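Data block for structure.txt (compact mmCIF, C-alpha atoms):
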```
# COMPACT_ATOMS: atom_id res chain seq x y z
CA MET A 1064 -28.13 3.21 9.83
CA ALA A 1065 -29.11 1.03 12.79
CA THR A 1066 -25.95 -1.03 12.39
CA LEU A 1067 -23.86 2.12 12.20
CA VAL A 1068 -25.33 3.60 15.38
CA ALA A 1069 -25.17 0.25 17.20
CA THR A 1070 -21.52 -0.22 16.20
CA ILE A 1071 -20.46 3.19 17.50
CA ALA A 1072 -22.50 2.77 20.69
CA LEU A 1073 -21.15 -0.73 21.32
CA GLY A 1074 -17.60 0.44 20.61
CA LEU A 1075 -17.93 3.24 23.13
CA LEU A 1076 -19.46 0.88 25.71
CA ILE A 1077 -16.73 -1.71 25.28
CA GLY A 1078 -14.08 0.96 25.49
CA ASP A 1079 -10.44 -0.03 25.25
CA ALA A 1080 -11.06 -3.77 25.65
CA GLN A 1081 -8.42 -5.83 23.87
CA LEU A 1082 -8.25 -9.24 22.27
CA PRO A 1083 -5.14 -11.38 22.69
CA VAL A 1084 -3.93 -12.14 19.16
CA PRO A 1085 -0.57 -13.83 18.54
CA ALA A 1086 1.67 -11.99 16.11
CA LEU A 1087 3.21 -13.99 13.29
CA THR A 1088 5.81 -11.32 12.60
CA GLY A 1089 7.39 -8.71 14.85
CA ALA A 1090 6.07 -8.14 18.35
CA SER A 1091 2.44 -8.37 19.37
CA GLY A 1092 0.58 -5.16 20.08
CA ASP A 1093 -2.79 -3.99 21.33
CA PHE A 1094 -5.66 -5.25 19.17
CA LEU A 1095 -8.74 -3.38 20.32
CA ILE A 1096 -12.16 -4.92 19.92
CA GLY A 1097 -12.99 -1.63 18.20
CA HIS A 1098 -10.72 -2.73 15.36
CA LEU A 1099 -13.03 -5.68 14.80
CA ILE A 1100 -16.57 -4.48 15.51
CA THR A 1101 -16.29 -1.64 13.01
CA LEU A 1102 -16.52 -4.32 10.33
CA ALA A 1103 -20.26 -4.66 11.03
CA PRO A 1104 -21.59 -1.76 8.92
CA ALA A 1105 -19.43 -2.74 5.93
CA ILE A 1106 -20.50 -6.40 6.20
CA VAL A 1107 -24.20 -5.42 6.40
CA LEU A 1108 -23.65 -3.08 3.46
CA LEU A 1109 -22.10 -5.88 1.41
CA TYR A 1110 -24.97 -8.18 2.32
CA GLY A 1111 -27.65 -5.70 1.25
CA THR A 1112 -26.15 -4.26 -1.91
CA GLY A 1113 -25.03 -5.52 -5.28
CA ARG A 1114 -27.72 -8.14 -5.57
CA GLY A 1115 -28.35 -7.51 -9.28
CA ASP A 1116 -26.25 -8.71 -12.19
CA LEU A 1117 -23.45 -6.19 -12.71
CA ALA A 1118 -23.78 -6.16 -16.51
CA THR A 1119 -27.54 -5.67 -16.33
CA GLU A 1120 -27.43 -3.05 -13.60
CA THR A 1121 -24.79 -1.07 -15.50
CA VAL A 1122 -27.25 -0.39 -18.34
CA ALA A 1123 -30.49 -0.44 -16.35
CA SER A 1124 -32.67 2.65 -16.25
CA ARG A 1125 -32.59 2.70 -12.46
CA PRO A 1126 -29.21 3.73 -11.07
CA LEU A 1127 -28.92 0.91 -8.52
CA ARG A 1128 -25.09 0.91 -8.50
CA ALA A 1129 -25.05 4.66 -7.95
CA TRP A 1130 -27.54 4.34 -5.08
CA ASP A 1131 -25.55 1.54 -3.46
CA THR A 1132 -22.34 3.53 -3.83
CA ALA A 1133 -23.97 6.68 -2.47
CA LEU A 1134 -25.21 4.75 0.58
CA ALA A 1135 -21.75 3.30 1.19
CA GLY A 1136 -20.20 6.72 0.67
CA ALA A 1137 -22.58 8.27 3.19
CA ILE A 1138 -21.75 5.60 5.77
CA GLY A 1139 -18.03 6.04 5.14
CA ALA A 1140 -18.28 9.83 5.23
CA LEU A 1141 -20.18 9.68 8.52
CA GLY A 1142 -17.47 7.47 10.01
CA LEU A 1143 -14.71 9.67 8.64
CA SER A 1144 -16.36 12.87 9.87
CA THR A 1145 -16.75 11.29 13.30
CA ALA A 1146 -13.02 10.57 13.34
CA VAL A 1147 -12.05 14.04 12.10
CA VAL A 1148 -14.33 15.89 14.53
CA SER A 1149 -13.16 13.73 17.43
CA ARG A 1150 -9.53 14.40 16.50
CA LEU A 1151 -10.06 18.16 16.07
CA VAL A 1152 -11.84 18.67 19.40
CA GLY A 1153 -9.31 16.49 21.20
CA GLY A 1154 -11.99 13.97 22.11
CA ASP A 1155 -11.71 10.37 23.06
CA GLY A 1156 -9.13 8.53 20.97
CA LEU A 1157 -11.45 5.56 20.79
CA THR A 1158 -14.05 7.60 18.89
CA THR A 1159 -11.39 8.58 16.36
CA ILE A 1160 -10.35 4.95 15.90
CA LEU A 1161 -13.95 3.74 15.57
CA GLY A 1162 -14.81 6.37 12.97
CA ARG A 1163 -11.59 5.94 11.01
CA ASN A 1164 -11.80 2.16 10.88
CA LEU A 1165 -15.49 2.20 10.04
CA ALA A 1166 -14.78 4.49 7.08
CA GLY A 1167 -11.77 2.40 6.06
CA TYR A 1168 -13.67 -0.88 6.08
CA THR A 1169 -16.47 0.73 4.07
CA ALA A 1170 -13.91 1.95 1.52
CA LEU A 1171 -12.40 -1.53 1.29
CA ALA A 1172 -15.90 -2.98 0.82
CA LEU A 1173 -16.40 -0.60 -2.12
CA LEU A 1174 -13.13 -1.81 -3.64
CA LEU A 1175 -13.75 -5.52 -3.04
CA MET A 1176 -17.43 -5.79 -4.03
CA PRO A 1177 -17.02 -5.22 -7.79
CA LEU A 1178 -14.00 -7.52 -7.92
CA PHE A 1179 -15.25 -10.51 -5.94
CA GLY A 1180 -19.02 -10.14 -5.59
CA ARG A 1181 -20.77 -9.86 -2.28
CA HIS A 1182 -20.03 -13.33 -0.89
CA LEU A 1183 -16.28 -13.48 -1.46
CA SER A 1184 -15.79 -9.80 -0.68
CA THR A 1185 -17.42 -10.28 2.72
CA SER A 1186 -14.96 -13.05 3.52
CA ALA A 1187 -12.01 -11.06 2.19
CA LEU A 1188 -13.04 -8.00 4.21
CA ALA A 1189 -13.37 -10.07 7.39
CA CYS A 1190 -9.79 -11.29 6.91
CA VAL A 1191 -8.31 -7.76 6.83
CA PRO A 1192 -8.26 -7.11 10.61
CA LEU A 1193 -7.03 -10.64 11.28
CA VAL A 1194 -4.14 -10.27 8.84
CA CYS A 1195 -3.30 -6.87 10.33
CA ALA A 1196 -3.41 -8.26 13.86
CA ALA A 1197 -1.17 -11.19 12.98
CA THR A 1198 1.36 -9.45 10.72
CA GLY A 1199 0.95 -5.71 11.22
CA TRP A 1200 3.34 -5.19 14.14
CA ALA A 1201 6.97 -4.13 13.87
CA ARG A 1202 9.63 -5.61 16.15
CA ASN A 1203 9.41 -2.57 18.44
CA GLY A 1204 5.69 -3.22 19.11
CA GLN A 1205 4.50 -0.31 16.97
CA PRO A 1206 2.09 -0.87 14.06
CA GLU A 1207 3.60 -1.13 10.60
CA GLN A 1208 2.85 1.86 8.35
CA TRP A 1209 0.61 -0.17 6.05
CA ALA A 1210 -1.56 -1.45 8.93
CA TRP A 1211 -3.75 1.65 9.22
CA ILE A 1212 -6.32 -0.27 11.25
CA LEU A 1213 -3.84 -0.69 14.11
CA GLN A 1214 -2.54 2.87 14.11
CA PRO A 1215 -3.20 4.94 17.25
CA ALA A 1216 -5.90 7.62 17.24
CA GLY A 1217 -3.36 10.39 16.73
CA SER A 1218 -2.01 8.94 13.48
CA LEU A 1219 -2.56 11.55 10.78
CA PRO A 1220 -1.21 9.30 7.97
CA ALA A 1221 -3.80 6.62 8.80
CA LEU A 1222 -6.61 9.20 8.77
CA LEU A 1223 -5.39 10.66 5.47
CA LEU A 1224 -5.10 7.19 3.95
CA VAL A 1225 -8.71 6.42 4.82
CA ALA A 1226 -9.78 9.84 3.56
CA ALA A 1227 -8.17 9.02 0.20
CA LEU A 1228 -9.36 5.41 0.16
CA LEU A 1229 -13.06 6.29 0.47
CA PRO A 1230 -13.43 8.37 -2.73
CA ALA A 1231 -11.15 5.91 -4.54
CA GLY A 1232 -13.45 3.06 -3.51
CA MET A 1233 -16.51 5.00 -4.59
CA ALA A 1234 -14.99 5.80 -7.99
CA PHE A 1235 -13.94 2.18 -8.46
CA ALA A 1236 -17.38 0.85 -7.51
CA LEU A 1237 -19.03 3.18 -10.01
CA THR A 1238 -16.67 2.53 -12.93
CA TRP A 1239 -15.92 -1.22 -12.74
CA ARG A 1240 -17.68 -2.88 -15.67
CA ARG A 1241 -16.48 -6.49 -15.64
CA PRO A 1242 -18.29 -9.26 -13.76
CA PRO A 1243 -16.89 -10.28 -10.37
CA LEU A 1244 -14.19 -12.92 -10.26
CA THR A 1245 -15.45 -16.35 -9.39
CA ILE A 1246 -13.87 -19.39 -7.85
CA PRO A 1247 -15.05 -22.62 -9.45
CA GLY A 1248 -16.97 -24.80 -7.06
CA LEU A 1249 -18.11 -21.97 -4.76
```
Would it be possible to restate this file's structure as structure tokens?
Amino acid sequence: MATLVATIALGLLIGDAQLPVPALTGASGDFLIGHLITLAPAIVLLYGTGRGDLATETVASRPLRAWDTALAGAIGALGLSTAVVSRLVGGDGLTTILGRNLAGYTALALLLMPLFGRHLSTSALACVPLVCAATGWARNGQPEQWAWILQPAGSLPALLLVAALLPAGMAFALTWRRPPLTIPGL
């Protein structure tokens, strides 16, 4: 919760500050620091959850996976509700972007954690905004449709995508039964 509050507060303090990121495809666009700092709650979540063996925790009497998923869902829902309320009241576009991206990164963390485990999923999640920044811009300088992180605050498709991604991530995290993929030597 502290990371969530600190992320939103820091994002609002930083405002519309931008990072210069070269685009590998298309034109370069505006990459807000808010696109990057909203990773923090999802990274902390990945660090603190999923510490038990997946096979053991699946059959354990304590519902650790359900608790971890509920915590992630609550963080994602709080971010998503922040974005929706900000959009509905016509508030600051930055608040909408912060909430939407926070919920989106949390949803991606829920999808990645069962597949790759907490170490590799943290690295994979950290690469998402960098890949979007480098390849997510069309030639006209607008974000590509798939790069929801880069979409402006008024983008309803990006908000709907995140709203669908969060319950999908929660369902996946609760139902995945195989052990995480491993890379030999890591």
Can you pull out the residues contacting Thr1132 of chain A? Cut-off 8 Å, using all atoms listed in the file, and skip same-chain residues under 3 positions away; I want them as a PyMOL selection string. chain A and resi 1128-1129+1135-1136+1173+1233+1236-1237
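Across A:Leu1143, A:Leu1075, A:Ile1096, A:Ile1106, the tightest approach to Arg1181 of chain A is made by A:Ile1106 when counting all atoms listed in the file.
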Restricting to all atoms listed in the file, whichever of A:Gly1217, A:Pro1126, A:Gly1199, A:Gly1232 is closest to Leu1175 of chain A is A:Gly1232
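Restricting the calculation to only C-alpha atoms, the smallest distance between Leu1178 of chain A and any of A:Ala1221, A:Phe1235, A:Trp1200, A:Gly1139 is found for A:Phe1235.
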Given the point (-12.4, -7.9, 12.8) in the coordinates of this file, which residues lie within 12 Å, counting only C-alpha atoms, and how would they look as a ChimeraX atom specification? /A:1081-1082,1084,1094-1106,1164-1165,1168,1185-1197,1212-1213
Generate the output file for the selected residues, C-alpha atoms, as a PDB file, in the frame of the given file.
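Saved as selection19.pdb:
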```
ATOM      1  CA  GLN A1081      -8.420  -5.830  23.870  1.00  0.00           C
ATOM      2  CA  LEU A1082      -8.250  -9.240  22.270  1.00  0.00           C
ATOM      3  CA  VAL A1084      -3.930 -12.140  19.160  1.00  0.00           C
ATOM      4  CA  PHE A1094      -5.660  -5.250  19.170  1.00  0.00           C
ATOM      5  CA  LEU A1095      -8.740  -3.380  20.320  1.00  0.00           C
ATOM      6  CA  ILE A1096     -12.160  -4.920  19.920  1.00  0.00           C
ATOM      7  CA  GLY A1097     -12.990  -1.630  18.200  1.00  0.00           C
ATOM      8  CA  HIS A1098     -10.720  -2.730  15.360  1.00  0.00           C
ATOM      9  CA  LEU A1099     -13.030  -5.680  14.800  1.00  0.00           C
ATOM     10  CA  ILE A1100     -16.570  -4.480  15.510  1.00  0.00           C
ATOM     11  CA  THR A1101     -16.290  -1.640  13.010  1.00  0.00           C
ATOM     12  CA  LEU A1102     -16.520  -4.320  10.330  1.00  0.00           C
ATOM     13  CA  ALA A1103     -20.260  -4.660  11.030  1.00  0.00           C
ATOM     14  CA  PRO A1104     -21.590  -1.760   8.920  1.00  0.00           C
ATOM     15  CA  ALA A1105     -19.430  -2.740   5.930  1.00  0.00           C
ATOM     16  CA  ILE A1106     -20.500  -6.400   6.200  1.00  0.00           C
ATOM     17  CA  ASN A1164     -11.800   2.160  10.880  1.00  0.00           C
ATOM     18  CA  LEU A1165     -15.490   2.200  10.040  1.00  0.00           C
ATOM     19  CA  TYR A1168     -13.670  -0.880   6.080  1.00  0.00           C
ATOM     20  CA  THR A1185     -17.420 -10.280   2.720  1.00  0.00           C
ATOM     21  CA  SER A1186     -14.960 -13.050   3.520  1.00  0.00           C
ATOM     22  CA  ALA A1187     -12.010 -11.060   2.190  1.00  0.00           C
ATOM     23  CA  LEU A1188     -13.040  -8.000   4.210  1.00  0.00           C
ATOM     24  CA  ALA A1189     -13.370 -10.070   7.390  1.00  0.00           C
ATOM     25  CA  CYS A1190      -9.790 -11.290   6.910  1.00  0.00           C
ATOM     26  CA  VAL A1191      -8.310  -7.760   6.830  1.00  0.00           C
ATOM     27  CA  PRO A1192      -8.260  -7.110  10.610  1.00  0.00           C
ATOM     28  CA  LEU A1193      -7.030 -10.640  11.280  1.00  0.00           C
ATOM     29  CA  VAL A1194      -4.140 -10.270   8.840  1.00  0.00           C
ATOM     30  CA  CYS A1195      -3.300  -6.870  10.330  1.00  0.00           C
ATOM     31  CA  ALA A1196      -3.410  -8.260  13.860  1.00  0.00           C
ATOM     32  CA  ALA A1197      -1.170 -11.190  12.980  1.00  0.00           C
ATOM     33  CA  ILE A1212      -6.320  -0.270  11.250  1.00  0.00           C
ATOM     34  CA  LEU A1213      -3.840  -0.690  14.110  1.00  0.00           C
TER      35      LEU A1213
END
```
Using all atoms listed in the file for the distances, tell me which of A:Val1225, A:Leu1067, A:Leu1157, A:Ala1166 is nearest to Ala1140 of chain A. A:Ala1166
A:Leu1174, A:Ile1077, A:Leu1141, A:Leu1108: which is nearest Ala1234 of chain A, counting all atoms listed in the file? A:Leu1174
Nearest-residue call for Thr1145 of chain A, choices A:Pro1206, A:Leu1224, A:Val1068, A:Ala1231, using only C-alpha atoms: A:Val1068
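With atom CA of Leu1229 of chain A on one side and atom CA of Ala1170 of chain A on the other, the separation reads 4.5 Å.
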At a cut-off of 7 Å around the point (-2.1, 3.1, 5.3) (file coordinates), what residues fall inside when counting all atoms listed in the file? I'd like the answer as a PyMOL selection string. chain A and resi 1208-1211+1220-1221+1224
Atoms are missing here; could segment 1136-1151 of chain A be completed with N, CA and C atoms and written as a PDB file, keeping the file's coordinate frame?
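File written: out-v5.pdb
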```pdb
ATOM      1  N   GLY A1136     -20.935   5.484   0.494  1.00  0.00           N
ATOM      2  CA  GLY A1136     -20.200   6.720   0.670  1.00  0.00           C
ATOM      3  C   GLY A1136     -20.700   7.530   1.852  1.00  0.00           C
ATOM      4  N   ALA A1137     -22.013   7.545   2.049  1.00  0.00           N
ATOM      5  CA  ALA A1137     -22.580   8.270   3.190  1.00  0.00           C
ATOM      6  C   ALA A1137     -22.172   7.628   4.509  1.00  0.00           C
ATOM      7  N   ILE A1138     -22.182   6.300   4.558  1.00  0.00           N
ATOM      8  CA  ILE A1138     -21.750   5.600   5.770  1.00  0.00           C
ATOM      9  C   ILE A1138     -20.275   5.874   6.038  1.00  0.00           C
ATOM     10  N   GLY A1139     -19.456   5.768   4.987  1.00  0.00           N
ATOM     11  CA  GLY A1139     -18.030   6.040   5.140  1.00  0.00           C
ATOM     12  C   GLY A1139     -17.753   7.481   5.529  1.00  0.00           C
ATOM     13  N   ALA A1140     -18.475   8.411   4.909  1.00  0.00           N
ATOM     14  CA  ALA A1140     -18.280   9.830   5.230  1.00  0.00           C
ATOM     15  C   ALA A1140     -18.700  10.139   6.661  1.00  0.00           C
ATOM     16  N   LEU A1141     -19.750   9.483   7.131  1.00  0.00           N
ATOM     17  CA  LEU A1141     -20.180   9.680   8.520  1.00  0.00           C
ATOM     18  C   LEU A1141     -19.108   9.160   9.480  1.00  0.00           C
ATOM     19  N   GLY A1142     -18.549   7.998   9.182  1.00  0.00           N
ATOM     20  CA  GLY A1142     -17.470   7.470  10.010  1.00  0.00           C
ATOM     21  C   GLY A1142     -16.241   8.362   9.975  1.00  0.00           C
ATOM     22  N   LEU A1143     -15.881   8.814   8.779  1.00  0.00           N
ATOM     23  CA  LEU A1143     -14.710   9.670   8.640  1.00  0.00           C
ATOM     24  C   LEU A1143     -14.915  11.016   9.326  1.00  0.00           C
ATOM     25  N   SER A1144     -16.103  11.587   9.202  1.00  0.00           N
ATOM     26  CA  SER A1144     -16.360  12.870   9.870  1.00  0.00           C
ATOM     27  C   SER A1144     -16.351  12.711  11.383  1.00  0.00           C
ATOM     28  N   THR A1145     -16.814  11.570  11.869  1.00  0.00           N
ATOM     29  CA  THR A1145     -16.750  11.290  13.300  1.00  0.00           C
ATOM     30  C   THR A1145     -15.292  11.286  13.767  1.00  0.00           C
ATOM     31  N   ALA A1146     -14.443  10.638  12.983  1.00  0.00           N
ATOM     32  CA  ALA A1146     -13.020  10.570  13.340  1.00  0.00           C
ATOM     33  C   ALA A1146     -12.366  11.952  13.290  1.00  0.00           C
ATOM     34  N   VAL A1147     -12.670  12.718  12.250  1.00  0.00           N
ATOM     35  CA  VAL A1147     -12.050  14.040  12.100  1.00  0.00           C
ATOM     36  C   VAL A1147     -12.506  14.984  13.209  1.00  0.00           C
ATOM     37  N   VAL A1148     -13.811  15.010  13.479  1.00  0.00           N
ATOM     38  CA  VAL A1148     -14.330  15.890  14.530  1.00  0.00           C
ATOM     39  C   VAL A1148     -13.755  15.494  15.883  1.00  0.00           C
ATOM     40  N   SER A1149     -13.714  14.204  16.161  1.00  0.00           N
ATOM     41  CA  SER A1149     -13.160  13.730  17.430  1.00  0.00           C
ATOM     42  C   SER A1149     -11.697  14.138  17.562  1.00  0.00           C
ATOM     43  N   ARG A1150     -10.957  14.029  16.479  1.00  0.00           N
ATOM     44  CA  ARG A1150      -9.530  14.400  16.500  1.00  0.00           C
ATOM     45  C   ARG A1150      -9.355  15.903  16.690  1.00  0.00           C
ATOM     46  N   LEU A1151     -10.186  16.709  16.003  1.00  0.00           N
ATOM     47  CA  LEU A1151     -10.060  18.160  16.070  1.00  0.00           C
ATOM     48  C   LEU A1151     -10.421  18.730  17.444  1.00  0.00           C
TER      49      LEU A1151
END
```
